[in-house]
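Report on the structure given below.
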Amino acid sequence: MRRGPFRPGAFRSPAHEPRTAVVLGRWLGAALLLCFATGLVSHLLQDPPSWLAGRLPSRPVNGYRVTQGLHVIAGLAAIPLTGAKLWTVYPRLFAWPPLRGVLHLLERLSVALLVAAVLLELFTGLLNTLQWYPWPFPFRQTHYWTAWTAVGALLVHLAVKAPVIAAHRRRADAVPLPGRRAVLAATAAAVGAVTLSTAGQSVPWLRGLVLFAPRRPGTGSLPVNRTAAQAGTTAVPADWQLAVDGPDGYRIGLAELRALPQTTAVLPIACVEGWSADARWTGVRLAELLRRAGVPAGSTVRITSLEADGPYRATEMPAAYADDPLTLLALALDGRPLTPDHGFPARIVAPNRPGVLQTKWVARIEAV
């Protein structure tokens, strides 16, 4: 029965050995845990539990830009790391005998769960950066729970392999091996190439190296994920008025909004796909519109868009954002009136907030 990959000596590379696997596992584990931690930040900012919603901070201004940029950078770097790690250890799939007892079976099942969860997480995350969703399940919820599955399976794997890791964790104790350095150097080069050619969509000083990132902020106008045509908001009524609900609620037209005191702020749009870009926004402070309606400071606010449907048609903004003087009902972008794709006639821009929550085509603002 020991034929093909099951025969003795079927895998000749000396790099299929524990020390190489431990080093690659250390790199991959760091990337996955960084990806998990920053992804958790993104999830909590988009969908906070009730006990956290009132405690979300609006500063630093670039907080979400940094965490989500790191999330996508770490996730892309994990792709070649995962390939190298699997190449190093895959001969163990053909170890003989295939099963040595119940504990060995459980170990193999845990490894299968770990590999499946990591591959699904990286695959769906990569396609999300391209905004391509060829599957029938919801991306965000699946990505979130798969991440917990992957981290749980990773912790179990580390516990099972702790003796092997401890035996090979130090370079001084490693037996010199000709192929090991070549594998590690090639993997490091692949990770570096992937990072340098994609990180520029969120790291300004790397934008000159962007080759494979789907977005290239800084090479033209501010990128747009959801256009007015997709949202069905290309034809805004000429008599559009913003409704601000509160004890002294009112409606106000575009000309009246432009006549109010205007504030200009440089704020980033940072999206879950990993790209971010600064822009100069001009508009009315949201807090001033709320105070005029009699809404007290410290109120959570619901913002509703003109778009007919979509998961972010209506969003809730915690008080820390609503009261922040940098949170604007923006009417202009870089000194020019908003275009339909950028949210004409008015959109929300707030510091340290995911791009999907920077509501465009605003129709109503109300205290919750």
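Each chain in the structure tokens gets a letter, A, B and so on, in the order shown; residues start at 1 in every chain, and ligands are counted from 1 in the order they appear.
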
For region 68-83 of chain A, work out the shell of residues within 6 Å, counting only C-alpha atoms and skipping chain neighbours fewer than 6 positions away, then give it as a count of residues only. 7

Give the alpha helix (DSSP H) residues of region 203-283 of chain A, as DSSP finds them on the backbone, and put them as a ChimeraX atom specification. /A:228-231,254-259

Using the selection just defined, write its residues with all heavy atoms as a PDB file, in the first residue's frame.
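Output (again37.pdb):
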```pdb
ATOM      1  N   ALA A 228     -23.668  56.570  -7.287  1.00  0.00           N
ATOM      2  CA  ALA A 228     -25.053  57.035  -7.219  1.00  0.00           C
ATOM      3  C   ALA A 228     -25.960  56.175  -8.086  1.00  0.00           C
ATOM      4  O   ALA A 228     -27.124  55.927  -7.738  1.00  0.00           O
ATOM      5  CB  ALA A 228     -25.131  58.500  -7.655  1.00  0.00           C
ATOM      6  N   ALA A 229     -25.442  55.695  -9.210  1.00  0.00           N
ATOM      7  CA  ALA A 229     -26.247  54.817 -10.069  1.00  0.00           C
ATOM      8  C   ALA A 229     -26.575  53.519  -9.359  1.00  0.00           C
ATOM      9  O   ALA A 229     -27.704  53.012  -9.443  1.00  0.00           O
ATOM     10  CB  ALA A 229     -25.498  54.546 -11.377  1.00  0.00           C
ATOM     11  N   GLN A 230     -25.607  52.957  -8.650  1.00  0.00           N
ATOM     12  CA  GLN A 230     -25.859  51.718  -7.906  1.00  0.00           C
ATOM     13  C   GLN A 230     -26.854  51.939  -6.768  1.00  0.00           C
ATOM     14  O   GLN A 230     -27.648  51.060  -6.445  1.00  0.00           O
ATOM     15  CB  GLN A 230     -24.543  51.175  -7.347  1.00  0.00           C
ATOM     16  CG  GLN A 230     -23.590  50.660  -8.406  1.00  0.00           C
ATOM     17  CD  GLN A 230     -22.214  50.344  -7.833  1.00  0.00           C
ATOM     18  OE1 GLN A 230     -21.710  51.038  -6.948  1.00  0.00           O
ATOM     19  NE2 GLN A 230     -21.600  49.290  -8.342  1.00  0.00           N
ATOM     20  N   ALA A 231     -26.802  53.113  -6.159  1.00  0.00           N
ATOM     21  CA  ALA A 231     -27.695  53.406  -5.039  1.00  0.00           C
ATOM     22  C   ALA A 231     -29.043  53.949  -5.480  1.00  0.00           C
ATOM     23  O   ALA A 231     -29.962  54.067  -4.663  1.00  0.00           O
ATOM     24  CB  ALA A 231     -27.024  54.418  -4.105  1.00  0.00           C
ATOM     25  N   LEU A 254     -30.805  72.994   0.688  1.00  0.00           N
ATOM     26  CA  LEU A 254     -29.379  73.057   0.400  1.00  0.00           C
ATOM     27  C   LEU A 254     -28.859  74.493   0.463  1.00  0.00           C
ATOM     28  O   LEU A 254     -27.780  74.749   1.015  1.00  0.00           O
ATOM     29  CB  LEU A 254     -29.102  72.446  -0.979  1.00  0.00           C
ATOM     30  CG  LEU A 254     -27.637  72.324  -1.389  1.00  0.00           C
ATOM     31  CD1 LEU A 254     -26.853  71.502  -0.378  1.00  0.00           C
ATOM     32  CD2 LEU A 254     -27.535  71.688  -2.773  1.00  0.00           C
ATOM     33  N   ALA A 255     -29.599  75.421  -0.079  1.00  0.00           N
ATOM     34  CA  ALA A 255     -29.155  76.820  -0.051  1.00  0.00           C
ATOM     35  C   ALA A 255     -29.036  77.322   1.389  1.00  0.00           C
ATOM     36  O   ALA A 255     -28.084  78.044   1.735  1.00  0.00           O
ATOM     37  CB  ALA A 255     -30.122  77.692  -0.851  1.00  0.00           C
ATOM     38  N   GLU A 256     -29.987  76.941   2.234  1.00  0.00           N
ATOM     39  CA  GLU A 256     -29.932  77.361   3.628  1.00  0.00           C
ATOM     40  C   GLU A 256     -28.755  76.718   4.349  1.00  0.00           C
ATOM     41  O   GLU A 256     -28.101  77.358   5.191  1.00  0.00           O
ATOM     42  CB  GLU A 256     -31.239  77.004   4.326  1.00  0.00           C
ATOM     43  CG  GLU A 256     -32.460  77.733   3.788  1.00  0.00           C
ATOM     44  CD  GLU A 256     -33.737  77.171   4.374  1.00  0.00           C
ATOM     45  OE1 GLU A 256     -34.216  76.129   3.879  1.00  0.00           O
ATOM     46  OE2 GLU A 256     -34.234  77.773   5.352  1.00  0.00           O
ATOM     47  N   LEU A 257     -28.472  75.452   4.027  1.00  0.00           N
ATOM     48  CA  LEU A 257     -27.318  74.791   4.644  1.00  0.00           C
ATOM     49  C   LEU A 257     -26.017  75.497   4.256  1.00  0.00           C
ATOM     50  O   LEU A 257     -25.126  75.690   5.091  1.00  0.00           O
ATOM     51  CB  LEU A 257     -27.257  73.326   4.210  1.00  0.00           C
ATOM     52  CG  LEU A 257     -28.214  72.363   4.903  1.00  0.00           C
ATOM     53  CD1 LEU A 257     -28.225  71.009   4.189  1.00  0.00           C
ATOM     54  CD2 LEU A 257     -27.824  72.169   6.370  1.00  0.00           C
ATOM     55  N   ARG A 258     -25.905  75.899   3.004  1.00  0.00           N
ATOM     56  CA  ARG A 258     -24.698  76.582   2.544  1.00  0.00           C
ATOM     57  C   ARG A 258     -24.561  77.970   3.158  1.00  0.00           C
ATOM     58  O   ARG A 258     -23.448  78.512   3.246  1.00  0.00           O
ATOM     59  CB  ARG A 258     -24.697  76.668   1.025  1.00  0.00           C
ATOM     60  CG  ARG A 258     -24.448  75.320   0.336  1.00  0.00           C
ATOM     61  CD  ARG A 258     -24.642  75.391  -1.160  1.00  0.00           C
ATOM     62  NE  ARG A 258     -24.251  74.131  -1.805  1.00  0.00           N
ATOM     63  CZ  ARG A 258     -24.564  73.800  -3.049  1.00  0.00           C
ATOM     64  NH1 ARG A 258     -25.289  74.643  -3.792  1.00  0.00           N
ATOM     65  NH2 ARG A 258     -24.159  72.649  -3.551  1.00  0.00           N
ATOM     66  N   ALA A 259     -25.691  78.536   3.594  1.00  0.00           N
ATOM     67  CA  ALA A 259     -25.658  79.857   4.207  1.00  0.00           C
ATOM     68  C   ALA A 259     -25.238  79.805   5.676  1.00  0.00           C
ATOM     69  O   ALA A 259     -24.881  80.839   6.253  1.00  0.00           O
ATOM     70  CB  ALA A 259     -27.025  80.523   4.083  1.00  0.00           C
TER      71      ALA A 259
END
```

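By chain and then residue number, the residues within 9 Å of Asn128 (chain A) are A:Phe123, A:Thr124, A:Trp132, A:Tyr133, A:Phe139, A:Val272, A:Glu273, counting only C-alpha atoms and disregarding those fewer than 4 positions away in sequence.
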
Selected residues written out with all heavy atoms, as a PDB file, in the first residue's frame:
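Here's the written file result.pdb:
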```pdb
ATOM      1  N   PHE A 123      -9.099  33.582   1.494  1.00  0.00           N
ATOM      2  CA  PHE A 123      -9.747  33.622   0.182  1.00  0.00           C
ATOM      3  C   PHE A 123     -10.856  34.667   0.143  1.00  0.00           C
ATOM      4  O   PHE A 123     -10.912  35.511  -0.755  1.00  0.00           O
ATOM      5  CB  PHE A 123     -10.296  32.239  -0.153  1.00  0.00           C
ATOM      6  CG  PHE A 123     -11.088  32.180  -1.440  1.00  0.00           C
ATOM      7  CD1 PHE A 123     -10.452  32.260  -2.658  1.00  0.00           C
ATOM      8  CD2 PHE A 123     -12.462  32.038  -1.409  1.00  0.00           C
ATOM      9  CE1 PHE A 123     -11.176  32.212  -3.850  1.00  0.00           C
ATOM     10  CE2 PHE A 123     -13.198  31.979  -2.582  1.00  0.00           C
ATOM     11  CZ  PHE A 123     -12.551  32.065  -3.807  1.00  0.00           C
ATOM     12  N   THR A 124     -11.742  34.643   1.139  1.00  0.00           N
ATOM     13  CA  THR A 124     -12.841  35.609   1.153  1.00  0.00           C
ATOM     14  C   THR A 124     -12.325  37.023   1.393  1.00  0.00           C
ATOM     15  O   THR A 124     -12.836  37.987   0.822  1.00  0.00           O
ATOM     16  CB  THR A 124     -13.883  35.242   2.220  1.00  0.00           C
ATOM     17  OG1 THR A 124     -13.239  35.142   3.506  1.00  0.00           O
ATOM     18  CG2 THR A 124     -14.557  33.914   1.889  1.00  0.00           C
ATOM     19  N   TRP A 132     -15.620  41.585  -4.889  1.00  0.00           N
ATOM     20  CA  TRP A 132     -16.172  40.490  -5.694  1.00  0.00           C
ATOM     21  C   TRP A 132     -16.661  39.416  -4.732  1.00  0.00           C
ATOM     22  O   TRP A 132     -15.882  38.882  -3.944  1.00  0.00           O
ATOM     23  CB  TRP A 132     -15.106  39.926  -6.639  1.00  0.00           C
ATOM     24  CG  TRP A 132     -15.622  38.832  -7.532  1.00  0.00           C
ATOM     25  CD1 TRP A 132     -16.875  38.684  -8.009  1.00  0.00           C
ATOM     26  CD2 TRP A 132     -14.867  37.728  -8.053  1.00  0.00           C
ATOM     27  NE1 TRP A 132     -16.973  37.562  -8.790  1.00  0.00           N
ATOM     28  CE2 TRP A 132     -15.745  36.962  -8.836  1.00  0.00           C
ATOM     29  CE3 TRP A 132     -13.538  37.321  -7.930  1.00  0.00           C
ATOM     30  CZ2 TRP A 132     -15.338  35.798  -9.488  1.00  0.00           C
ATOM     31  CZ3 TRP A 132     -13.123  36.176  -8.585  1.00  0.00           C
ATOM     32  CH2 TRP A 132     -14.024  35.425  -9.358  1.00  0.00           C
ATOM     33  N   TYR A 133     -17.951  39.096  -4.798  1.00  0.00           N
ATOM     34  CA  TYR A 133     -18.562  38.170  -3.848  1.00  0.00           C
ATOM     35  C   TYR A 133     -19.284  37.056  -4.601  1.00  0.00           C
ATOM     36  O   TYR A 133     -20.512  37.097  -4.758  1.00  0.00           O
ATOM     37  CB  TYR A 133     -19.534  38.922  -2.938  1.00  0.00           C
ATOM     38  CG  TYR A 133     -18.902  40.144  -2.298  1.00  0.00           C
ATOM     39  CD1 TYR A 133     -19.154  41.426  -2.778  1.00  0.00           C
ATOM     40  CD2 TYR A 133     -18.032  40.002  -1.224  1.00  0.00           C
ATOM     41  CE1 TYR A 133     -18.562  42.537  -2.211  1.00  0.00           C
ATOM     42  CE2 TYR A 133     -17.436  41.114  -0.637  1.00  0.00           C
ATOM     43  CZ  TYR A 133     -17.700  42.373  -1.133  1.00  0.00           C
ATOM     44  OH  TYR A 133     -17.104  43.471  -0.562  1.00  0.00           O
ATOM     45  N   PHE A 139     -20.782  38.069   3.461  1.00  0.00           N
ATOM     46  CA  PHE A 139     -19.337  38.103   3.678  1.00  0.00           C
ATOM     47  C   PHE A 139     -18.966  38.462   5.106  1.00  0.00           C
ATOM     48  O   PHE A 139     -18.190  37.753   5.753  1.00  0.00           O
ATOM     49  CB  PHE A 139     -18.668  39.103   2.725  1.00  0.00           C
ATOM     50  CG  PHE A 139     -17.266  39.449   3.147  1.00  0.00           C
ATOM     51  CD1 PHE A 139     -16.241  38.545   2.961  1.00  0.00           C
ATOM     52  CD2 PHE A 139     -16.989  40.666   3.764  1.00  0.00           C
ATOM     53  CE1 PHE A 139     -14.941  38.847   3.383  1.00  0.00           C
ATOM     54  CE2 PHE A 139     -15.702  40.972   4.181  1.00  0.00           C
ATOM     55  CZ  PHE A 139     -14.679  40.061   3.982  1.00  0.00           C
ATOM     56  N   VAL A 272     -13.203  49.241   4.393  1.00  0.00           N
ATOM     57  CA  VAL A 272     -12.885  47.901   4.863  1.00  0.00           C
ATOM     58  C   VAL A 272     -12.029  47.138   3.868  1.00  0.00           C
ATOM     59  O   VAL A 272     -11.354  46.178   4.237  1.00  0.00           O
ATOM     60  CB  VAL A 272     -14.176  47.101   5.163  1.00  0.00           C
ATOM     61  CG1 VAL A 272     -14.929  47.711   6.314  1.00  0.00           C
ATOM     62  CG2 VAL A 272     -15.067  47.016   3.936  1.00  0.00           C
ATOM     63  N   GLU A 273     -12.033  47.537   2.603  1.00  0.00           N
ATOM     64  CA  GLU A 273     -11.204  46.860   1.605  1.00  0.00           C
ATOM     65  C   GLU A 273      -9.724  47.188   1.760  1.00  0.00           C
ATOM     66  O   GLU A 273      -8.887  46.625   1.064  1.00  0.00           O
ATOM     67  CB  GLU A 273     -11.647  47.235   0.189  1.00  0.00           C
ATOM     68  CG  GLU A 273     -13.030  46.747  -0.180  1.00  0.00           C
ATOM     69  CD  GLU A 273     -14.115  47.707   0.268  1.00  0.00           C
ATOM     70  OE1 GLU A 273     -13.776  48.848   0.694  1.00  0.00           O
ATOM     71  OE2 GLU A 273     -15.301  47.341   0.205  1.00  0.00           O
TER      72      GLU A 273
END
```

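The spacing separating CA of Met317 (chain A) from CA of Thr300 (chain A) amounts to 5.8 Å.
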
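Between CA of Pro337 (chain A) and CA of Thr282 (chain A) lies a distance of 9.0 Å.
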